[in-house]
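K.L.:
Take this structure first; my questions come after.
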There are 2 protein chains.
Amino acid sequence: MAVIRSVLWKNLNCYHVYGANTNVGKTIVSTAICRSLRRKFPDSKIWYLKPVSTGPLVEADDRHVGNFVTGIQADCLYQFNEPVSPHIAAKDSIDNAPLDSELLESIYSKLSQYADDAPGWALVETAGGVHSPGPSGTSQADLFRPLRLPTILVGDSNLGGISSSISAFESLHVRGYDTSLVLLFANDKYKNHEYLVEYFSKKNVTALSIPAPPEWRPDGGDRQRMAEYYNKLSESAAMEQALSVLKTKHDSRIDNLASMASRASNVIWYPFSQHTSVSASTITTIDSAYGDHFQTLTTPPENSQGPLLNSTFDGSASWWTQGLGHGNPELSLAASYAAGRFGHVMFAGAVHEPALTLAESLLANMRNSRLSRVFYSDNGSTGIEVAVKMALRASAVRNGWDTSVKDLEVIGLKGSYHGDTIGAMDCSEPSVYNKKVTWHSGRGYWFEYPTVQMANGTWTVEIPEALQPELGSSSQYASVNEIFNLSGRQSEPLAHRYRTYIKNVITKLVKDDKRKFGALILEPVVLGAGGMILVDPLFQKLLVDVVRESRDIFEPGRSHAPTNTDWTGLPVIFDEVFTGLYRLGRFSSASFIGAEPDISVHAKLLTGGLIPLCATLASESIFESFLSPEKSDALLHGHSYTAHAVGCTVAEASINSMLTMERNQVWDDFKAQWQDSTGPEIWSMWSRPFVEKLSHDPAVTGVIGLGSVLGITLKDSAGSGYTSSISQDLQSRLVQGKGREWNIHSRSLGNVIYLMSSLTSTKQNIREIEEFVGRAIR
Amino acid sequence: MAVIRSVLWKNLNCYHVYGANTNVGKTIVSTAICRSLRRKFPDSKIWYLKPVSTGPLVEADDRHVGNFVTGIQADCLYQFNEPVSPHIAAKDSIDNAPLDSELLESIYSKLSQYADDAPGWALVETAGGVHSPGPSGTSQADLFRPLRLPTILVGDSNLGGISSSISAFESLHVRGYDTSLVLLFANDKYKNHEYLVEYFSKKNVTALSIPAPPEWRPDGGDRQRMAEYYNKLSESAAMEQALSVLKTKHDSRIDNLASMASRASNVIWYPFSQHTSVSASTITTIDSAYGDHFQTLTTPPENSQGPLLNSTFDGSASWWTQGLGHGNPELSLAASYAAGRFGHVMFAGAVHEPALTLAESLLANMRNSRLSRVFYSDNGSTGIEVAVKMALRASAVRNGWDTSVKDLEVIGLKGSYHGDTIGAMDCSEPSVYNKKVTWHSGRGYWFEYPTVQMANGTWTVEIPEALQPELGSSSQYASVNEIFNLSGRQSEPLAHRYRTYIKNVITKLVKDDKRKFGALILEPVVLGAGGMILVDPLFQKLLVDVVRESRDIFEPGRSHAPTNTDWTGLPVIFDEVFTGLYRLGRFSSASFIGAEPDISVHAKLLTGGLIPLCATLASESIFESFLSPEKSDALLHGHSYTAHAVGCTVAEASINSMLTMERNQVWDDFKAQWQDSTGPEIWSMWSRPFVEKLSHDPAVTGVIGLGSVLGITLKDSAGSGYTSSISQDLQSRLVQGKGREWNIHSRSLGNVIYLMSSLTSTKQNIREIEEFVGRAIR
């Protein structure tokens with residue numbers, strides 16, 4: 001299946017004709033437009049396309065248009081005889097209904113043919129109203145969304161037509177369609193046109209009324225009178241204006257797209273970008289996005305009539321946020337519902353349903369007996385600041401230190417990343433990413449750790465130097481499941497060595513070096529920005545265990561016995577911002593390492609990839625550290641939009657979607673190939689044969705595939721890490737695409753290139769990408 | 001005018017009946033429901049209300065219902081004879097059309113009467129489709145939104161009715177209505193009911209089909225046959241289920257609302273809240289919000305049938321974010337459009353229309369010749385971190401310091417607040433708010449400064465102790481305009497003294513104390529969290545001027561002459577997060593002090609009060625400090641949702657709304673009373689007489705009114721500042737409301753209580769609040 005592109009050709013002025021209702025005169029309006037185009041542009045080619053037609057052939061819309069506009073090419077792709085909704089007609093027909101994808105491909109292919117013959121104009125007329133079902137039963141507004149043709153909405157001039165016109169407009173609008181023009185028949189009794197012209201002008205949409213046709217039924221009138229009607233209409237000021245609006249919108253859309261990269265290079269300060277390497281030519285212009293794909297502006301070869309938009313696979317899942325597909329109408333409706341019901345409402349001292357429901361839902365689905373409280377903020381970085389404030393205070397209170405103690409540190413892993421605000425940065429080891437940031441200073445100790453990848457077809461744990469003398473440099477496993485079988489691995493010599501090593505280090509840090517620690521902070525399983533590093537889960541598990549057992553080291557003065565949900569040793573923070581919420585295939589990535597954190601941070605996928613929101617979850621034991629009669633002992637942190645209703649509502653909808661997908665076993669096909677009889681359920685949307693094959697590639701050091709994440713470490717003779725440029729070559733090859741029909745946007749971290757799908761990506765899409773990546777990697 | 005409350009009584013099971021289109025059978029469905037209620041609850045009271053009816057009286061819907069349901073009370077509030085849309089009928093009628101507010105009041109008042117007579121059921125039937133205009137021309141879906149009655153949607157079983165039913169549902173949904181039930185007639189030809197029942201079940205909305213009536217026109221059928229139809233229907237399983245759904249929804253909504261505060265107290269960790277003072281009884285449950293008001297849960301006195309929802313004025317403008325009214329349909333549609341068109345798309349290396357348009361629009365409207373770049377982040381705090389990273393780096397580069405220099409500081413004002421992430425906190429002086437935060441350490445010098453307020457009817461500049469010897473403790477002005485007339489005041493002795501003082505301090509800090517500074521950071525005009533302190537604008541202006549002139553002090557080694565847009569002395573950061581975007585009555589608060597910052601931070605009102613988004617604007621001179629061949633010299637900062645399309649689209653819509661309001665002189669009434677012949681345009685939505693009167697109140701030390709902000713400093717014998725509890729008493733009085741019909745939510749800062757309106761608040765609403773506050777303050 002080809003990936004569907006949105007429609008845009010320079011020389012093909014192309015519009016979708018949607019109706020506010022059935023029987024509002026879509027075909028008559030289409031005919032009138034085509035007839036007027038014929039008059040105004042006598043040399044121009046004009047096409048009319050009716051993708052799906054129901055009713056007797058003799059009354060078919062394409063025939064009507066053909067009858068009244070000379071030299072027009074009028075096509076119909078699917079014709080059903082019964083005059084009912086296409087989904088009924090298709091069911092009753094002896095022909096099979098086309099799949100949505102087939103229908104879209106047929107339309108795009110037909111329009112491509114027109115474009116090859118351009119310059120000219122094309123109208124694509126829908127059937128019934130905007131949400132009338134297509135042959136498969138999918139509403140047309142949803143079905144045709146990938147094409148995102150600009151729209152002419154034919155308004156309803158009948159009684160009640162004001163309402164149906166506005167509602168139809170809104171249904172298109174919430175799906176990201178641009179309505180270029182509203183046309184409707186004048187009706188002096190109901191005067192809908194007067195109302196709607198004014199209404200739409202306030203929305204910067206031109207609405208125009210035209211005289212009603214002599215007869216309502218296109219087949220019932222006197223043909224001569226219809227011809228006169230069209231003829232007269234084509235001379236009218238209204239039609240003149242209509243054509244002018246359509247032409248201007250088309251041209252200015254293209255001009256605007258063409259100028260955007262250059263304008264952006266003048267006014268935008270890009271995140272994480274050295275602007276000496278940024279120019280108009282390096283900036284991708286995104287016109288829209290749908291499912292897994294951006295629609296990006298492309299420059300067709302000179303003198304070519306080629307399409308201006310490419311489908312580009314969003315291979316970074318838009319910085320790891322994307323989970324349920326771009327332009328997801330469920331999320332769009334959820335966002336607008338909350339906006340309509342609440343806007344944003346003050347959260348301190350108040351509660352609203354979306355915030356409460358989401359909090360309860362997160363706590364329930366984490367299946368962590370410790371976590372009992374939810375603190376909201378706006379993104380992963382602020383959520384980490386909250387988590388660290390919580391943990392450090394809890395430690396200070398427990399140990400009787402002044403709560404403002406300045407030299408408290410965290411324990412973490414080398415290469416960890418937790419965000420870009422200073423408090424979050426301070427949890428990371430100084431590195432090339434942060435070393436020039438004036439107020440940053442790493443406040444902690446960061447462990448070395450064993451890593452996991454598939455190399456040359458074998459799942460391998462690589463041992464860091466500090467641990468090597470006893471263990472050798474690596475250890476091989478039969479499957480990734482075996483590596484995650486932590487209870488089975490507890491008896492390995494590795495486990496014993498890990499444990500001793502950790503214990504020795506923390507003993508030295510605290511007892512010998514007299515350093516004070518207030519938190520253990522980890523990205524569970526995979527270190528994201530650090531380079532998509534899969535950490536040996538056994539090491540993370542034992543790090544948590546040893547820290548918790550080391551009460552004598554971290555909190556020597558404590559007298560009373562801890563309860564089950566009490567933190568011991570250090571508060572344990574899991575930064576699940578990247579790894580949580582099914583990114584790695586499970587609701588919580590903590591479950592992979594079988595440890596329950598005291599504090600857990602969730603963002604990115606939390607809203608399915610729509611808008612920023614973060615939830616920091618904490619245990620009652622942490623929470624209680626802030627209780628006192630003094631207000632100044634409280635967690636005096638808050639953002640204006642804390643627990644904004646739109647974010648919470650979208651998050652609840654997203655989580656429900658994900659849980660439903662799991663319940664409905666949507667990923668079972670992906671899972672099946674990764675399963676074996678022994679291990680726990682470790683799986684990836686990337687196929688096992690593909691990962692294995694990649695791992696044998698001479699250009700590749702190792703590969704990980706986990707959940708929707710694929711990480712490929714490339715061999716680089718010039719050295720690995722941040723300074724490597726080896727991945728840039730591969731990235732440019734991926735962006736070329738096959739015949740530029742579509743291509744892959746990817747991001748790299750040093751010599752690691754990664755790809756990330758949505759949770760809704762199809763198997764077929766993934767396979768095509770795999771094939772393409774397999775070819776491109778050489 | 002009374003503030004309209006949303007409808008909810010425990011004993012009145014009350015629903016709005018909306019139609020997917022006109023003529024879909026709303027009245028028949030309403031009658032069927034009432035008839036079934038009569039059968040199932042023979043002792044229950046049943047009311048039917050048709051607020052606006054058009055067409056001959058004999059065919060009126062309320063009569064139809066009355067004819068077929070025994071013992072029902074059927075009312076109509078406004079009757080027009082012509083069978084056209086109410087807005088046409090009203091225009092043609094000799095009677096005046098009711099204002100929207102009058103219509104809402106009539107409905108609420110009628111339902112109140114029913115509720116007094118409850119227990120029972122009430123149906124309120126709309127006219128035409130969801131967006132059919134009411135008598136004033138406002139679409140019903142918008143007009144009736146303040147009541148936010150739960151909705152029964154009557155689906156459309158005609159050809160095209162799938163589309164109109166779904167679109168109607170969506171138009172209600174984006175306005176925050178809850179659709180409790182969809183009912184439609186079965187039609188075996190079009191089978192809409194089959195499609196829609198399945199469609200809505202996926203949205204967790206029950207849709208049910210019932211047999212079509214014997215005749216379509218309620219008046220045209222044989223009365224006996226209609227009666228039999230209703231009778232039979234009332235025994236059907238479908239109606240049984242319909243009633244059960246309605247009853248369950250009503251009861252569970254109330255149960256849910258009643259439990260929310262208690263559940264929240266168990267799972268939510270509130271921002272800026274000492275939880276020892278938080279319990280179910282202190283938490284406000286917000287059911288929805290509209291315009292300036294929350295709809296908050298109230299407990300009616302025991303055994304009372306009183307309403308469960310109160311209108312509560314959002315007097316903190318939801319932590320200073322709110323500007324265009326809660327539940328604003330324009331913002332809701334803007335959000336959903338962007339969600340439908342893009343979702344969120346990766347911003348590093350890419351551009352999309354909303355981000356570019358917003359950047360260009362911000363830069364153009366700031367009218368600051370220096371600002372040329374926009375960096376996006378998620379909230380004020382992250383935007384400040386970005387600003388500070390920019391400024392400190394620029395200073396380090398300029399002065400040839402190692403860019404990671406750790407001891408760089410900022411210059412600011414005492415009591416400033418810039419956010420809660422560590423980097424933003426470090427810009428503030430240590431205080432009770434931040435002193436217990438482990439990793440916080442104020443990194444800067446904070447000036448004392450003169451403040452402005454109206455005291456005893458006179459605008460007064462109060463001089464801080466450090467400046468007093470020469471200037472006395474205060475200085476009086478004829479008007480606030482005079483205080484803001486900075487060019488006029490440049491020749492005052494005050495100006496000279498300010499200048500000398502500032503110069504002396506910075507000379508000592510740098511020359512004697514050898515401290516290094518990297519930025520001047522100010523909240524222009526008003527310090528928000530510091531206590532709604534109006535700083536003498538002349539002082540801020542001179543602080544900027546002196547810092548910029550002091551090149552010899554801050555950047556002694558610099559050789560080349562600065563250009564016009566080059567920063568000199570220190571980069572100047574204006575934190576307009578609170579003060580900008582019309583909060584104080586102007587697009588940019590920098591304009592009040594006539595100084596152009598090098599970096600400017602905007603959030604809160606940026607999205608009109610809907611979702612988090614921040615823009616940090618910077619000059620090219622700052623931007624260039626990060627240019628180098630080294631990636632590590634770039635501003636390596638970014639958040640996953642940087643420049644999220646939903647936020648940027650909503651922000652652009654908000655800014656356009658605000659600019660349009662200014663252009664349309666919407667605030668001229670407010671402005672008029674504040675104007676005098678001499679000064680610049682300083683105005684407030686709070687009335688001048690009210691501010692003056694308050695300033696004479698024996699309980700009050702001083703008042704400020706500027707833009708939508710009203711700040712009242714209360715006399716507190718126990719001392720001012722953070723520890724004061726004097727404002728809590730006033731806050732509780734405000735929350736009581738007049739007869740609990742509505743009340744005022746407010747926030748305080750020590751002994752300062754403040755109120756903040758939207759930019760769309762009406763004069764009348766403001767006046768009512770003023771009256772109420774005037775009474776409550778004693």
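Numbering starts fresh at 1 for the residues of each chain in the structure tokens, the chains themselves are lettered A, B, ... in the order given, and ligands are numbered from 1 as they appear.
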For B:Val432, please output as a short mmCIF file (atom, residue, chain, number, x, y, z; two decimals) with C-alpha atoms, in the first residue's frame all residues within 10 Å (counting only C-alpha atoms; exclusion window: fewer than 3 positions along the same chain).

P.N.:
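File selection37.cif, as written:
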data_model
loop_
_atom_site.label_atom_id
_atom_site.label_comp_id
_atom_site.auth_asym_id
_atom_site.auth_seq_id
_atom_site.Cartn_x
_atom_site.Cartn_y
_atom_site.Cartn_z
CA LYS A 631 2.83 26.97 54.85
CA SER A 632 6.50 27.42 54.03
CA ASP A 633 7.04 23.68 54.54
CA LEU A 636 5.60 25.66 47.02
CA GLU B 429 15.81 36.83 46.18
CA LYS B 435 14.01 29.27 51.30
CA LYS B 436 13.28 25.61 52.02
CA VAL B 437 13.92 24.47 48.45
CA TYR B 722 3.52 36.59 53.77
CA THR B 723 2.51 35.81 57.32
#

K.L.:
Quick one: residues within 12 Å of A:Leu99, only C-alpha atoms counted, chain neighbours fewer than 6 positions away excluded, as a VMD selection string?

P.N.:
chain A and resid 1 78 87 90 105 to 106 134 to 138 143

K.L.:
How would the residues just chosen look if you wrote them out with N, CA and C atoms as a PDB file, in the first residue's frame?

P.N.:
ATOM      1  N   MET A   1       0.847  -1.199   0.000  1.00  0.00           N
ATOM      2  CA  MET A   1       0.000   0.000   0.000  1.00  0.00           C
ATOM      3  C   MET A   1       0.879   1.244   0.000  1.00  0.00           C
ATOM      4  N   TYR A  78     -16.478   4.863  -8.375  1.00  0.00           N
ATOM      5  CA  TYR A  78     -17.298   3.741  -7.911  1.00  0.00           C
ATOM      6  C   TYR A  78     -18.768   4.131  -8.016  1.00  0.00           C
ATOM      7  N   HIS A  87     -22.475   3.311   2.109  1.00  0.00           N
ATOM      8  CA  HIS A  87     -22.144   2.117   2.894  1.00  0.00           C
ATOM      9  C   HIS A  87     -23.243   1.069   2.809  1.00  0.00           C
ATOM     10  N   ALA A  90     -23.071  -0.187  -0.995  1.00  0.00           N
ATOM     11  CA  ALA A  90     -21.927  -1.075  -1.200  1.00  0.00           C
ATOM     12  C   ALA A  90     -22.203  -2.450  -0.621  1.00  0.00           C
ATOM     13  N   GLU A 105      -6.300   5.853  -2.749  1.00  0.00           N
ATOM     14  CA  GLU A 105      -5.305   5.673  -3.810  1.00  0.00           C
ATOM     15  C   GLU A 105      -5.894   5.969  -5.180  1.00  0.00           C
ATOM     16  N   SER A 106      -7.111   5.511  -5.412  1.00  0.00           N
ATOM     17  CA  SER A 106      -7.763   5.773  -6.706  1.00  0.00           C
ATOM     18  C   SER A 106      -7.921   7.264  -6.929  1.00  0.00           C
ATOM     19  N   GLY A 134     -18.657   6.617   3.808  1.00  0.00           N
ATOM     20  CA  GLY A 134     -18.172   6.103   2.537  1.00  0.00           C
ATOM     21  C   GLY A 134     -18.516   4.628   2.415  1.00  0.00           C
ATOM     22  N   PRO A 135     -18.100   3.992   1.329  1.00  0.00           N
ATOM     23  CA  PRO A 135     -18.464   2.594   1.091  1.00  0.00           C
ATOM     24  C   PRO A 135     -18.102   1.661   2.247  1.00  0.00           C
ATOM     25  N   SER A 136     -16.986   1.917   2.916  1.00  0.00           N
ATOM     26  CA  SER A 136     -16.559   1.033   4.006  1.00  0.00           C
ATOM     27  C   SER A 136     -17.318   1.305   5.290  1.00  0.00           C
ATOM     28  N   GLY A 137     -18.025   2.422   5.327  1.00  0.00           N
ATOM     29  CA  GLY A 137     -18.710   2.813   6.556  1.00  0.00           C
ATOM     30  C   GLY A 137     -17.997   3.944   7.288  1.00  0.00           C
ATOM     31  N   THR A 138     -16.752   4.223   6.933  1.00  0.00           N
ATOM     32  CA  THR A 138     -16.036   5.347   7.559  1.00  0.00           C
ATOM     33  C   THR A 138     -16.652   6.659   7.092  1.00  0.00           C
ATOM     34  N   LEU A 143     -12.569   9.668   6.391  1.00  0.00           N
ATOM     35  CA  LEU A 143     -12.006   8.872   5.298  1.00  0.00           C
ATOM     36  C   LEU A 143     -11.088   9.697   4.399  1.00  0.00           C
TER      37      LEU A 143
END

K.L.:
Mind listing the strand (DSSP E or B) residues of stretch 46-106 of chain A, per DSSP on the backbone, as a PyMOL selection string?

P.N.:
chain A and resi 46-54+73-80

K.L.:
Quick one: write out the picked residues with C-alpha atoms as a JSON list (two decimals), in the first residue's frame?

P.N.:
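Result file again-v5.json:
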[["chain", "number", "residue", "atom", "x", "y", "z"],
["A", 46, "ILE", "CA", -11.47, 21.28, -16.07],
["A", 47, "TRP", "CA", -11.98, 17.99, -14.30],
["A", 48, "TYR", "CA", -14.82, 16.78, -12.18],
["A", 49, "LEU", "CA", -14.43, 13.69, -10.05],
["A", 50, "LYS", "CA", -17.17, 11.87, -8.19],
["A", 51, "PRO", "CA", -15.34, 9.17, -6.27],
["A", 52, "VAL", "CA", -18.46, 7.35, -5.14],
["A", 53, "SER", "CA", -21.88, 7.71, -6.68],
["A", 54, "THR", "CA", -25.12, 6.05, -5.68],
["A", 73, "GLN", "CA", -13.75, 15.55, -18.13],
["A", 74, "ALA", "CA", -16.16, 14.09, -15.61],
["A", 75, "ASP", "CA", -15.20, 10.85, -13.89],
["A", 76, "CYS", "CA", -16.72, 8.53, -11.38],
["A", 77, "LEU", "CA", -14.67, 5.87, -9.61],
["A", 78, "TYR", "CA", -17.30, 3.74, -7.91],
["A", 79, "GLN", "CA", -20.94, 3.61, -8.95],
["A", 80, "PHE", "CA", -23.72, 1.91, -7.01]]

K.L.:
So that I can see what lies close to A:Ser44, please list as a ChimeraX atom specification the residues with an atom at most 8 Å from it, counting only C-alpha atoms and leaving out residues fewer than 4 positions away in the same chain.

P.N.:
/A:37-38,119-121

K.L.:
Store the residues picked out above in a file with C-alpha atoms, as a short mmCIF file (atom, residue, chain, number, x, y, z; two decimals), in the first residue's frame.

P.N.:
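Once everything was written out, this is out_0.cif:
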data_model
loop_
_atom_site.label_atom_id
_atom_site.label_comp_id
_atom_site.auth_asym_id
_atom_site.auth_seq_id
_atom_site.Cartn_x
_atom_site.Cartn_y
_atom_site.Cartn_z
CA LEU A 37 -14.49 28.35 -14.95
CA ARG A 38 -15.16 27.39 -18.54
CA PRO A 119 -2.76 23.57 -15.83
CA GLY A 120 -6.37 23.22 -14.90
CA TRP A 121 -8.98 22.91 -12.22
#

K.L.:
Pick out the residues sitting within 9 Å of B:Ile506, and hand them over as a list in words; count only C-alpha atoms, and ignore anything fewer than 6 positions along from it in its own chain.

P.N.:
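Final neighbour list, sorted by chain and number: Val547, Ser550, Ile553 and Phe554 of chain B.
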
K.L.:
Okay, now the selection with N, CA and C atoms, as a compact mmCIF listing (two decimals), in the first residue's frame?

P.N.:
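Saved the output as selection.txt:
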# COMPACT_ATOMS: atom_id res chain seq x y z
N VAL B 547 21.74 50.97 33.59
CA VAL B 547 22.46 49.72 33.28
C VAL B 547 23.01 49.77 31.86
N SER B 550 25.96 51.97 31.52
CA SER B 550 27.14 51.62 32.33
C SER B 550 28.00 50.56 31.65
N ILE B 553 31.22 49.85 33.37
CA ILE B 553 31.17 49.00 34.57
C ILE B 553 30.98 47.53 34.20
N PHE B 554 30.00 47.24 33.32
CA PHE B 554 29.64 45.85 33.07
C PHE B 554 30.46 45.18 31.97

K.L.:
At a cut-off of 9 Å, using only C-alpha atoms, what residues contact B:Val197? Leave out same-chain residues fewer than 5 positions from it and give the result as a ChimeraX atom specification.

P.N.:
/B:182,192,202,205-209

K.L.:
Could those residues be written to a file, using N, CA and C atoms, as a PDB file, in the first residue's frame?

P.N.:
ATOM      1  N   VAL B 182     -28.837   9.646  22.806  1.00  0.00           N
ATOM      2  CA  VAL B 182     -29.276   9.944  21.442  1.00  0.00           C
ATOM      3  C   VAL B 182     -30.476   9.060  21.150  1.00  0.00           C
ATOM      4  N   ASN B 192     -30.081   4.560   9.314  1.00  0.00           N
ATOM      5  CA  ASN B 192     -29.223   5.445  10.102  1.00  0.00           C
ATOM      6  C   ASN B 192     -29.082   4.946  11.543  1.00  0.00           C
ATOM      7  N   LYS B 202     -19.299   3.669  20.589  1.00  0.00           N
ATOM      8  CA  LYS B 202     -17.838   3.806  20.679  1.00  0.00           C
ATOM      9  C   LYS B 202     -17.443   5.064  21.431  1.00  0.00           C
ATOM     10  N   VAL B 205     -21.678   6.870  24.413  1.00  0.00           N
ATOM     11  CA  VAL B 205     -22.969   7.554  24.460  1.00  0.00           C
ATOM     12  C   VAL B 205     -24.018   6.534  24.025  1.00  0.00           C
ATOM     13  N   THR B 206     -25.054   6.375  24.826  1.00  0.00           N
ATOM     14  CA  THR B 206     -26.107   5.442  24.451  1.00  0.00           C
ATOM     15  C   THR B 206     -26.967   6.053  23.356  1.00  0.00           C
ATOM     16  N   ALA B 207     -27.094   5.352  22.247  1.00  0.00           N
ATOM     17  CA  ALA B 207     -28.028   5.770  21.199  1.00  0.00           C
ATOM     18  C   ALA B 207     -29.067   4.665  21.057  1.00  0.00           C
ATOM     19  N   LEU B 208     -30.314   5.064  20.963  1.00  0.00           N
ATOM     20  CA  LEU B 208     -31.403   4.089  20.879  1.00  0.00           C
ATOM     21  C   LEU B 208     -32.328   4.472  19.748  1.00  0.00           C
ATOM     22  N   SER B 209     -32.860   3.467  19.073  1.00  0.00           N
ATOM     23  CA  SER B 209     -33.870   3.784  18.050  1.00  0.00           C
ATOM     24  C   SER B 209     -35.237   3.398  18.558  1.00  0.00           C
TER      25      SER B 209
END

K.L.:
Nearest to A:Val17 among A:Leu297, A:Ala32, A:Ile744, A:Leu153, with distances taken over only C-alpha atoms: which residue is it?

P.N.:
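Closest to A:Val17 of all the choices is A:Leu153.
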
K.L.:
Compare A:Ala141, A:Leu123, A:Ala60, A:Leu584 by their minimum atom-to-atom distance to chain B, counting only C-alpha atoms, and give me the closest one.

P.N.:
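Closest candidate: A:Ala141.
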
K.L.:
Using only C-alpha atoms, which residue out of A:Glu235, A:Glu470, A:Glu630, A:Glu555 lies closest to chain B?

P.N.:
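Under the stated criterion, the closest residue is A:Glu630.
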
K.L.:
Mind giving me the straight-line distance from atom CA of B:Ile726 to atom CA of A:Phe626 in Å, one decimal?

P.N.:
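Interatomic distance here is 24.6 Å.
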
K.L.:
I need the helix (DSSP H, G or I) residues of stretch 543-736 of chain B per DSSP on the backbone, written as a PyMOL selection string.

P.N.:
chain B and resi 543-549+551-554+590-593+604-607+620-626+631-633+645-663+668-672+688-696+726-736

K.L.:
Would you write out those residues with C-alpha atoms, as a compact mmCIF listing (two decimals), in the first residue's frame?

P.N.:
# COMPACT_ATOMS: atom_id res chain seq x y z
CA LEU B 543 17.26 51.28 36.05
CA VAL B 544 17.26 50.10 32.44
CA ASP B 545 18.82 53.34 31.23
CA VAL B 546 21.59 53.40 33.81
CA VAL B 547 22.46 49.72 33.28
CA ARG B 548 22.65 50.29 29.53
CA GLU B 549 24.77 53.39 29.96
CA ARG B 551 29.20 49.90 29.70
CA ASP B 552 32.35 50.89 31.52
CA ILE B 553 31.17 49.00 34.57
CA PHE B 554 29.64 45.85 33.07
CA ALA B 590 7.21 47.39 28.32
CA SER B 591 5.50 50.28 26.60
CA PHE B 592 4.45 51.72 29.98
CA ILE B 593 8.05 52.33 30.87
CA LYS B 604 -0.27 33.03 30.62
CA LEU B 605 -2.60 35.24 28.53
CA LEU B 606 -0.72 34.19 25.42
CA THR B 607 -3.31 31.46 24.79
CA GLU B 620 19.66 39.44 17.06
CA SER B 621 22.47 40.70 19.25
CA ILE B 622 21.63 38.05 21.86
CA PHE B 623 21.01 35.39 19.21
CA GLU B 624 24.43 35.91 17.66
CA SER B 625 26.18 35.03 20.91
CA PHE B 626 25.25 31.42 20.27
CA LYS B 631 27.04 22.55 18.13
CA SER B 632 27.85 22.72 21.83
CA ASP B 633 27.79 26.53 21.62
CA ALA B 645 0.57 23.51 16.96
CA VAL B 646 -2.45 23.57 19.27
CA GLY B 647 -0.89 26.18 21.53
CA CYS B 648 0.38 28.34 18.70
CA THR B 649 -2.97 28.26 16.90
CA VAL B 650 -4.90 29.14 20.03
CA ALA B 651 -2.38 31.89 20.82
CA GLU B 652 -2.70 33.40 17.38
CA ALA B 653 -6.50 33.32 17.70
CA SER B 654 -6.27 34.91 21.16
CA ILE B 655 -3.93 37.67 20.08
CA ASN B 656 -6.14 38.43 17.13
CA SER B 657 -9.17 38.59 19.41
CA MET B 658 -7.41 41.01 21.72
CA LEU B 659 -6.12 43.19 18.91
CA THR B 660 -9.60 43.23 17.38
CA MET B 661 -11.12 44.23 20.69
CA GLU B 662 -8.71 47.13 20.94
CA ARG B 663 -9.33 48.12 17.32
CA ASP B 668 -13.43 52.62 25.51
CA ASP B 669 -16.11 52.79 28.18
CA PHE B 670 -13.62 51.58 30.74
CA LYS B 671 -10.94 53.87 29.43
CA ALA B 672 -13.03 57.04 29.36
CA ARG B 688 -12.08 55.03 39.05
CA PRO B 689 -14.71 55.97 41.66
CA PHE B 690 -14.51 52.47 43.10
CA VAL B 691 -10.72 52.55 43.37
CA GLU B 692 -10.91 55.98 44.96
CA LYS B 693 -13.57 54.93 47.40
CA LEU B 694 -11.65 51.82 48.40
CA SER B 695 -8.54 53.88 49.00
CA HIS B 696 -10.44 55.86 51.64
CA ILE B 726 -6.02 39.49 57.31
CA SER B 727 -7.03 38.84 53.72
CA GLN B 728 -8.39 35.41 54.52
CA ASP B 729 -11.32 36.96 56.38
CA LEU B 730 -12.20 39.10 53.41
CA GLN B 731 -11.79 36.15 51.10
CA SER B 732 -14.30 34.12 53.07
CA ARG B 733 -16.76 36.98 53.00
CA LEU B 734 -16.38 37.22 49.23
CA VAL B 735 -16.96 33.53 48.80
CA GLN B 736 -20.28 33.72 50.59
